[in-house]
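Visitor: Mind looking over this structure? Questions follow.
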Amino acid sequence: MSINRLCGLVLPASTKYLVDNVFAAHQVRLLLPIVFSVIGATLVQGLSSFTLTQLLSKSAQRMISEMRQRVQAHIGRLSVSYYDSHKRVSWFRAS
């Protein structure tokens with residue numbers, strides 16, 4: 001996550017060097033390294049964003065699965081008398 005955030009700062013920081021050095025001081029030789037650093041940082045940021053999304057998605061799915069298993073295990077341990085005393089009311093009755 002920190003790599004992603006740091007790569008996100010490259011584009012705003014590169015603007016300073018582009019304006020101050022390339023445009024104002026006419027150091028055209030710095031243009032290519034600035035462009036490559038922005039492109040590289042954008043690629044790394046995209047890759048790290050994708051990786052973070054995949055990790056968080058898999059983690060959330062695992063957590064949901066574990067929670068469903070715990071609920072199912074709890075329901076399976078309830079006694080028959082519990083179900084007899086808590087009958088479900090059907091809102092849609094068959095005619």
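Each chain in the structure tokens gets a letter, A, B and so on, in the order shown; residues start at 1 in every chain, and ligands are counted from 1 in the order they appear.
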Taking the backbone alone, and naming residues the way the document does, which bits of chain A are alpha helix (DSSP H) by DSSP, as an MDAnalysis selection string?

Guide: chainID A and resid 2:8 10:17 31:77 80:85

Visitor: Mind giving me the straight-line distance from CA of Gly40 (chain A) to CA of Ser57 (chain A) in Å, one decimal?

Guide: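 That distance, rounded to one decimal, is 25.7 Å.
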
Visitor: Would you pick out the contacts of Gln45 (chain A) at 7 Å or less, using only C-alpha atoms, so that residues sharing its chain but fewer than 2 positions from it are not included, and give the list as JSON, numbers by chain?

Guide: {"A": [4, 7, 8, 41, 42, 43, 47, 48, 49]}

Visitor: With N, CA, C and O atoms retained, write the just-selected residues as an mmCIF file, in the first residue's frame.

Guide:
data_model
loop_
_atom_site.group_PDB
_atom_site.id
_atom_site.type_symbol
_atom_site.label_atom_id
_atom_site.label_comp_id
_atom_site.auth_asym_id
_atom_site.auth_seq_id
_atom_site.Cartn_x
_atom_site.Cartn_y
_atom_site.Cartn_z
ATOM 1 N N ASN A 4 2.213 1.910 -3.427
ATOM 2 C CA ASN A 4 1.166 2.492 -4.254
ATOM 3 C C ASN A 4 1.051 3.994 -3.993
ATOM 4 O O ASN A 4 0.959 4.792 -4.921
ATOM 5 N N CYS A 7 4.127 5.901 -5.361
ATOM 6 C CA CYS A 7 4.081 6.034 -6.818
ATOM 7 C C CYS A 7 3.061 7.078 -7.250
ATOM 8 O O CYS A 7 3.220 7.722 -8.288
ATOM 9 N N GLY A 8 2.026 7.254 -6.454
ATOM 10 C CA GLY A 8 1.035 8.269 -6.750
ATOM 11 C C GLY A 8 1.569 9.685 -6.599
ATOM 12 O O GLY A 8 1.007 10.634 -7.152
ATOM 13 N N ALA A 41 6.319 4.864 -12.778
ATOM 14 C CA ALA A 41 5.546 4.974 -11.541
ATOM 15 C C ALA A 41 4.076 4.644 -11.776
ATOM 16 O O ALA A 41 3.428 4.017 -10.933
ATOM 17 N N THR A 42 3.555 5.039 -12.931
ATOM 18 C CA THR A 42 2.160 4.717 -13.254
ATOM 19 C C THR A 42 1.975 3.219 -13.416
ATOM 20 O O THR A 42 0.976 2.657 -12.940
ATOM 21 N N LEU A 43 2.920 2.556 -14.058
ATOM 22 C CA LEU A 43 2.837 1.095 -14.212
ATOM 23 C C LEU A 43 2.917 0.383 -12.861
ATOM 24 O O LEU A 43 2.149 -0.544 -12.587
ATOM 25 N N LEU A 47 -0.055 -1.836 -11.140
ATOM 26 C CA LEU A 47 0.196 -3.215 -10.720
ATOM 27 C C LEU A 47 -0.072 -3.401 -9.229
ATOM 28 O O LEU A 47 -0.696 -4.386 -8.818
ATOM 29 N N SER A 48 0.367 -2.455 -8.419
ATOM 30 C CA SER A 48 0.129 -2.575 -6.979
ATOM 31 C C SER A 48 -1.343 -2.389 -6.639
ATOM 32 O O SER A 48 -1.855 -3.046 -5.725
ATOM 33 N N SER A 49 -2.062 -1.545 -7.383
ATOM 34 C CA SER A 49 -3.506 -1.403 -7.159
ATOM 35 C C SER A 49 -4.234 -2.700 -7.486
ATOM 36 O O SER A 49 -5.119 -3.131 -6.739
#

Visitor: In terms of the shortest atom-to-atom distance over only C-alpha atoms, which of A:Arg62, A:Thr51, A:Asn21, A:Arg70 is closest to Ile34 (chain A)?

Guide: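 Closest residue, counting only C-alpha atoms: A:Asn21.
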
Visitor: If I take CA of Val44 (chain A) and CA of Asp20 (chain A), how far is one from the other in Å, to one decimal?

Guide: 25.6 Å

Visitor: So how many Å separate CA of Val38 (chain A) and CA of Ser14 (chain A), to one decimal?

Guide: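 If I compute the distance from CA of Val38 (chain A) to CA of Ser14 (chain A), I get 7.3 Å.
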
Visitor: Compile the contact shell of Leu30 (chain A) as a PyMOL selection string: residues with an atom at most 9 Å away, counting only C-alpha atoms, same-chain residues fewer than 6 positions apart removed.

Guide: chain A and resi 17-18+21-22
